[in-house]
file coords.cif (mmCIF, C-alpha atoms)
data_start
#
loop_
_atom_site.label_atom_id
_atom_site.label_comp_id
_atom_site.auth_asym_id
_atom_site.auth_seq_id
_atom_site.Cartn_x
_atom_site.Cartn_y
_atom_site.Cartn_z
CA MET A 254 88.29 115.40 121.95
CA VAL A 255 86.97 115.50 125.51
CA ASP A 256 85.73 118.06 127.98
CA THR A 257 88.14 120.21 129.97
CA LEU A 258 86.51 119.37 133.33
CA GLY A 259 88.04 115.89 133.52
CA LEU A 260 84.70 114.08 133.17
CA ASN A 261 85.97 112.17 130.10
CA LEU A 262 82.91 113.27 128.11
CA GLY A 263 83.24 113.81 124.37
CA PHE A 264 84.56 111.93 121.35
CA HIS A 265 87.19 109.23 121.80
CA PHE A 266 89.18 108.10 118.76
CA THR A 267 91.11 104.83 118.68
CA TYR A 268 93.66 104.01 116.01
CA GLN A 269 95.30 100.98 114.46
CA ASN A 270 98.40 101.59 112.31
CA ASN A 271 97.67 105.34 112.45
CA LYS A 272 94.21 104.85 110.91
CA ILE A 273 90.95 105.53 112.71
CA ASP A 274 89.62 102.25 114.10
CA GLU A 275 86.68 103.43 116.22
CA VAL A 276 84.93 106.63 117.30
CA VAL A 277 83.06 106.53 120.61
CA LEU A 278 80.77 109.29 121.89
CA ASN A 279 80.58 109.53 125.67
CA LEU A 280 77.89 111.83 127.07
CA GLY A 281 77.53 109.73 130.21
CA THR A 282 77.17 106.35 128.54
CA PRO A 283 79.74 105.47 125.83
CA ILE A 284 78.25 104.74 122.38
CA SER A 285 80.36 103.38 119.53
CA LEU A 286 79.35 105.76 116.73
CA LEU A 287 81.75 104.48 114.06
CA ASN A 288 83.50 101.11 113.98
CA ASN A 289 84.54 98.15 111.82
CA PHE A 290 86.78 100.34 109.65
CA ILE A 291 88.33 98.69 106.57
CA TYR A 292 90.97 100.38 104.41
CA ASP A 293 92.54 99.46 101.05
CA GLN A 294 96.26 99.50 100.16
CA ASN A 295 96.06 103.26 99.38
CA ASN A 296 94.66 104.10 102.84
CA ASN A 297 91.25 104.73 101.28
CA LEU A 298 88.50 103.95 103.76
CA THR A 299 86.36 101.35 101.99
CA GLN A 300 83.89 100.42 104.74
CA TYR A 301 82.72 101.22 108.26
CA THR A 302 79.62 100.79 110.40
CA THR A 303 77.71 103.62 112.05
CA LEU A 304 74.28 104.29 113.58
CA ASP A 305 71.31 106.13 112.11
CA SER A 306 69.32 108.70 114.11
CA ILE A 307 67.32 105.99 115.96
CA GLY A 308 70.21 103.61 116.64
CA ASN A 309 69.96 101.17 113.70
CA LYS A 310 73.29 99.95 112.34
CA VAL A 311 74.26 101.30 108.93
CA LYS A 312 77.06 99.82 106.81
CA VAL A 313 78.84 102.42 104.67
CA ASN A 314 80.86 101.37 101.59
CA PHE A 315 83.04 103.61 99.41
CA GLU A 316 84.43 103.20 95.90
CA TYR A 317 87.38 105.27 94.64
CA ASN A 318 88.94 106.13 91.30
CA THR A 319 92.70 106.31 90.70
CA GLN A 320 92.88 110.12 90.76
CA ASN A 321 94.90 111.50 93.69
CA ILE A 322 93.61 114.25 95.97
CA THR A 323 95.51 116.76 98.05
CA PRO A 324 95.68 116.03 101.81
CA ASN A 325 93.65 119.14 102.75
CA LEU A 326 90.73 117.72 100.72
CA ASP A 327 90.62 114.47 102.67
CA ILE A 328 87.03 113.34 102.13
CA LYS A 329 87.14 109.84 103.53
CA PHE A 330 83.84 110.25 105.38
CA ALA A 331 82.26 112.16 102.50
CA SER A 332 79.57 114.65 103.44
CA GLY A 333 77.28 112.17 105.12
CA GLY A 334 79.79 111.11 107.74
CA ILE A 335 81.00 113.06 110.73
CA ARG A 336 79.40 116.33 109.69
CA PHE A 337 80.90 118.62 112.29
CA LEU A 338 84.40 117.27 111.65
CA TYR A 339 84.14 117.49 107.87
CA ALA A 340 82.84 120.78 106.54
CA GLY A 341 82.23 120.60 102.81
CA GLY A 342 84.86 117.91 102.44
CA ILE A 343 87.58 119.80 104.35
CA ASN A 344 89.01 117.80 107.23
CA VAL A 345 88.59 120.06 110.25
CA LEU A 346 90.51 117.64 112.50
CA SER A 347 93.56 117.98 110.28
CA LEU A 348 93.32 121.77 110.21
CA MET A 349 93.17 121.76 114.03
CA GLY A 350 96.37 119.68 114.14
CA ILE A 351 94.63 116.67 115.70
CA ASN A 352 95.69 113.17 114.68
CA TYR A 353 92.79 111.85 112.63
CA GLY A 354 94.69 108.94 111.14
CA VAL A 355 96.13 108.45 107.67
CA GLY A 356 93.97 110.05 105.00
CA ASN A 357 92.72 108.65 101.73
CA LYS A 358 94.80 109.13 98.59
CA ASN A 359 92.14 108.85 95.89
CA GLN A 360 88.86 110.54 94.98
CA ILE A 361 85.64 108.98 96.20
CA ILE A 362 83.34 108.16 93.28
CA SER A 363 80.51 106.51 95.21
CA ARG A 364 79.22 105.86 98.70
CA ILE A 365 76.45 103.42 99.55
CA ASP A 366 74.80 103.42 102.99
CA LYS A 367 72.79 100.31 103.81
CA ASN A 368 70.58 100.26 106.89
CA LEU A 369 71.11 96.76 108.29
CA SER A 370 67.71 96.77 110.05
CA THR A 371 65.46 98.08 107.28
CA GLY A 372 67.52 97.18 104.19
CA THR A 373 67.12 100.75 102.90
CA THR A 374 70.05 102.06 100.87
CA THR A 375 71.18 105.59 100.12
CA THR A 376 73.56 106.09 97.19
CA TYR A 377 75.89 109.06 96.78
CA LEU A 378 77.65 109.57 93.43
CA PHE A 379 80.54 112.08 93.26
CA ASP A 380 81.76 114.13 90.30
CA TYR A 381 84.71 116.55 90.31
CA THR A 382 85.74 119.62 88.33
CA LYS A 383 89.43 120.57 88.24
CA ASN A 384 91.33 123.71 87.25
CA ASN A 385 94.47 123.97 85.07
CA PHE A 386 96.63 123.03 88.09
CA ASN A 387 94.71 119.76 88.52
CA GLU A 388 93.19 121.05 91.77
CA ILE A 389 89.58 120.17 92.62
CA ILE A 390 87.57 123.38 92.33
CA ALA A 391 84.09 121.86 92.49
CA ARG A 392 82.43 118.68 93.64
CA LYS A 393 78.92 117.53 92.82
CA ILE A 394 77.14 114.85 94.83
CA ILE A 395 74.03 113.13 93.49
CA VAL A 396 71.97 111.49 96.25
CA ASN A 397 69.67 108.64 95.18
CA ASP A 398 69.52 110.08 91.63
CA THR A 399 67.33 112.95 92.87
CA ILE A 400 69.26 115.50 94.94
CA ASP A 401 72.30 117.38 93.68
CA VAL A 402 74.69 118.97 96.18
CA TYR A 403 77.47 121.27 94.98
CA TYR A 404 80.69 122.35 96.70
CA ASN A 405 83.09 124.95 95.31
CA TYR A 406 86.72 125.15 96.48
CA ILE A 407 88.95 128.23 96.36
CA TYR A 408 92.72 128.01 96.77
CA ASP A 409 94.95 130.76 98.20
#

call {"tool": "encode", "arguments": {"input": "coords.cif", "output": "structure tokens"}}
result
Amino acid sequence: MVDTLGLNLGFHFTYQNNKIDEVVLNLGTPISLLNNFIYDQNNNLTQYTTLDSIGNKVKVNFEYNTQNITPNLDIKFASGGIRFLYAGGINVLSLMGINYGVGNKNQIISRIDKNLSTGTTTTYLFDYTKNNFNEIIARKIIVNDTIDVYYNYIYD
């Protein structure tokens, strides 16, 4: 996803086996925003490294349950990941028809972010509500046992 002026500015995605391997932001000087991606046998993203707002490395780990999700609810980066690409858990890249790599197959049940410089951790716990068709209609995220975030999903 780069500029239309030919300056090569923007987000550069690299892939390995059709899975995202690295995301680089280039606004004049390339910065590796997301790297060291690790996936399990179900294409669930289990770990990657990113940067916090001041440039410290943060290791992100995910845990999944065995419940399947629909492809349009790909939430591999959860809500704390690439915020402008994932709006409320919906994969905007996929909806735009851009190759974002193979998506996860199972529901995320936890995410732990560990700042490798400070040792500080942030824990996200996920809970889902389903309708009679086994579709996710709501998702609750508990952040560090103190903040609850709710998402509601409506199907056409």

call {"tool": "closest_residue", "arguments": {"input": "coords.cif", "among": "A:Asn368, A:Asn271, A:Gln294, A:Thr373", "to": "Gly308 in chain A", "atoms": "all atoms listed in the file"}}
result
A:Asn368

call {"tool": "closest_residue", "arguments": {"input": "coords.cif", "among": "A:Asn297, A:Phe386, A:Leu286, A:Tyr317", "to": "Gln360 in chain A", "atoms": "only C-alpha atoms"}}
result
A:Tyr317

call {"tool": "atom_distance", "arguments": {"input": "coords.cif", "atom1": "CA of Asp366 in chain A", "atom2": "CA of Val311 in chain A"}}
result
6.3 Å

call {"tool": "residues_near_point", "arguments": {"input": "coords.cif", "point": "(88.6, 101.6, 104.7)", "cutoff": "9 Å", "atoms": "all atoms listed in the file", "output": "list in words"}}
result
Lys272, Asn289, Phe290, Ile291, Tyr292, Asp293, Asn296, Asn297, Leu298, Thr299, Gln300, Tyr301, Asn314, Phe315, Lys329 and Asn357 of chain A

call {"tool": "residues_around", "arguments": {"input": "coords.cif", "residues": "Asn288 in chain A", "least_positions_apart": "3", "cutoff": "9 Å", "atoms": "only C-alpha atoms", "output": "VMD selection string"}}
result
chain A and resid 273 to 277 285 301 to 303

call {"tool": "resolve_selection", "arguments": {"input": "coords.cif", "expression": "the PyMOL selection byres ((chain A and resi 401) around 12)", "output": "count of residues only"}}
result
17

call {"tool": "atom_distance", "arguments": {"input": "coords.cif", "atom1": "CA of Lys358 in chain A", "atom2": "CA of Asn321 in chain A"}}
result
5.4 Å

call {"tool": "decode", "arguments": {"input": "coords.cif", "residues": "range 284-300 of chain A", "atoms": "N, CA, C and O atoms", "output": "PDB file, in the first residue's frame"}}
result
ATOM      1  N   ILE A 284      10.875   1.687   8.406  1.00  0.00           N
ATOM      2  CA  ILE A 284      10.840   1.179   9.781  1.00  0.00           C
ATOM      3  C   ILE A 284      10.060  -0.127   9.767  1.00  0.00           C
ATOM      4  O   ILE A 284       8.922  -0.165   9.297  1.00  0.00           O
ATOM      5  N   SER A 285      10.655  -1.185  10.279  1.00  0.00           N
ATOM      6  CA  SER A 285       9.962  -2.468  10.383  1.00  0.00           C
ATOM      7  C   SER A 285       8.992  -2.394  11.559  1.00  0.00           C
ATOM      8  O   SER A 285       9.383  -2.469  12.712  1.00  0.00           O
ATOM      9  N   LEU A 286       7.702  -2.228  11.248  1.00  0.00           N
ATOM     10  CA  LEU A 286       6.687  -2.091  12.291  1.00  0.00           C
ATOM     11  C   LEU A 286       6.312  -3.427  12.918  1.00  0.00           C
ATOM     12  O   LEU A 286       6.065  -3.507  14.113  1.00  0.00           O
ATOM     13  N   LEU A 287       6.197  -4.456  12.102  1.00  0.00           N
ATOM     14  CA  LEU A 287       5.786  -5.781  12.549  1.00  0.00           C
ATOM     15  C   LEU A 287       6.705  -6.801  11.904  1.00  0.00           C
ATOM     16  O   LEU A 287       6.905  -6.779  10.693  1.00  0.00           O
ATOM     17  N   ASN A 288       7.249  -7.726  12.726  1.00  0.00           N
ATOM     18  CA  ASN A 288       8.139  -8.744  12.167  1.00  0.00           C
ATOM     19  C   ASN A 288       8.177  -9.953  13.083  1.00  0.00           C
ATOM     20  O   ASN A 288       7.460  -9.998  14.077  1.00  0.00           O
ATOM     21  N   ASN A 289       9.001 -10.923  12.744  1.00  0.00           N
ATOM     22  CA  ASN A 289       9.149 -12.160  13.523  1.00  0.00           C
ATOM     23  C   ASN A 289       7.812 -12.878  13.716  1.00  0.00           C
ATOM     24  O   ASN A 289       7.477 -13.325  14.810  1.00  0.00           O
ATOM     25  N   PHE A 290       7.041 -12.995  12.648  1.00  0.00           N
ATOM     26  CA  PHE A 290       5.740 -13.649  12.704  1.00  0.00           C
ATOM     27  C   PHE A 290       5.903 -15.155  12.852  1.00  0.00           C
ATOM     28  O   PHE A 290       6.712 -15.772  12.162  1.00  0.00           O
ATOM     29  N   ILE A 291       5.112 -15.748  13.754  1.00  0.00           N
ATOM     30  CA  ILE A 291       5.084 -17.204  13.929  1.00  0.00           C
ATOM     31  C   ILE A 291       3.622 -17.636  13.875  1.00  0.00           C
ATOM     32  O   ILE A 291       2.756 -17.034  14.515  1.00  0.00           O
ATOM     33  N   TYR A 292       3.353 -18.692  13.106  1.00  0.00           N
ATOM     34  CA  TYR A 292       2.004 -19.218  12.938  1.00  0.00           C
ATOM     35  C   TYR A 292       1.953 -20.672  13.398  1.00  0.00           C
ATOM     36  O   TYR A 292       2.951 -21.383  13.329  1.00  0.00           O
ATOM     37  N   ASP A 293       0.759 -21.133  13.824  1.00  0.00           N
ATOM     38  CA  ASP A 293       0.597 -22.553  14.149  1.00  0.00           C
ATOM     39  C   ASP A 293       0.077 -23.311  12.929  1.00  0.00           C
ATOM     40  O   ASP A 293      -0.072 -22.738  11.841  1.00  0.00           O
ATOM     41  N   GLN A 294      -0.233 -24.589  13.093  1.00  0.00           N
ATOM     42  CA  GLN A 294      -0.650 -25.441  11.979  1.00  0.00           C
ATOM     43  C   GLN A 294      -2.013 -25.041  11.414  1.00  0.00           C
ATOM     44  O   GLN A 294      -2.361 -25.443  10.312  1.00  0.00           O
ATOM     45  N   ASN A 295      -2.790 -24.225  12.144  1.00  0.00           N
ATOM     46  CA  ASN A 295      -4.093 -23.757  11.664  1.00  0.00           C
ATOM     47  C   ASN A 295      -4.029 -22.341  11.091  1.00  0.00           C
ATOM     48  O   ASN A 295      -5.056 -21.691  10.954  1.00  0.00           O
ATOM     49  N   ASN A 296      -2.831 -21.870  10.800  1.00  0.00           N
ATOM     50  CA  ASN A 296      -2.597 -20.514  10.288  1.00  0.00           C
ATOM     51  C   ASN A 296      -2.944 -19.440  11.302  1.00  0.00           C
ATOM     52  O   ASN A 296      -3.118 -18.276  10.945  1.00  0.00           O
ATOM     53  N   ASN A 297      -3.076 -19.802  12.566  1.00  0.00           N
ATOM     54  CA  ASN A 297      -3.300 -18.813  13.611  1.00  0.00           C
ATOM     55  C   ASN A 297      -1.973 -18.139  13.934  1.00  0.00           C
ATOM     56  O   ASN A 297      -0.984 -18.818  14.206  1.00  0.00           O
ATOM     57  N   LEU A 298      -1.965 -16.826  13.901  1.00  0.00           N
ATOM     58  CA  LEU A 298      -0.768 -16.069  14.254  1.00  0.00           C
ATOM     59  C   LEU A 298      -0.554 -16.199  15.755  1.00  0.00           C
ATOM     60  O   LEU A 298      -1.399 -15.778  16.546  1.00  0.00           O
ATOM     61  N   THR A 299       0.547 -16.789  16.171  1.00  0.00           N
ATOM     62  CA  THR A 299       0.787 -17.016  17.597  1.00  0.00           C
ATOM     63  C   THR A 299       1.760 -16.011  18.203  1.00  0.00           C
ATOM     64  O   THR A 299       1.771 -15.833  19.414  1.00  0.00           O
ATOM     65  N   GLN A 300       2.571 -15.357  17.362  1.00  0.00           N
ATOM     66  CA  GLN A 300       3.533 -14.397  17.904  1.00  0.00           C
ATOM     67  C   GLN A 300       4.033 -13.470  16.805  1.00  0.00           C
ATOM     68  O   GLN A 300       4.162 -13.859  15.652  1.00  0.00           O
TER      69      GLN A 300
END
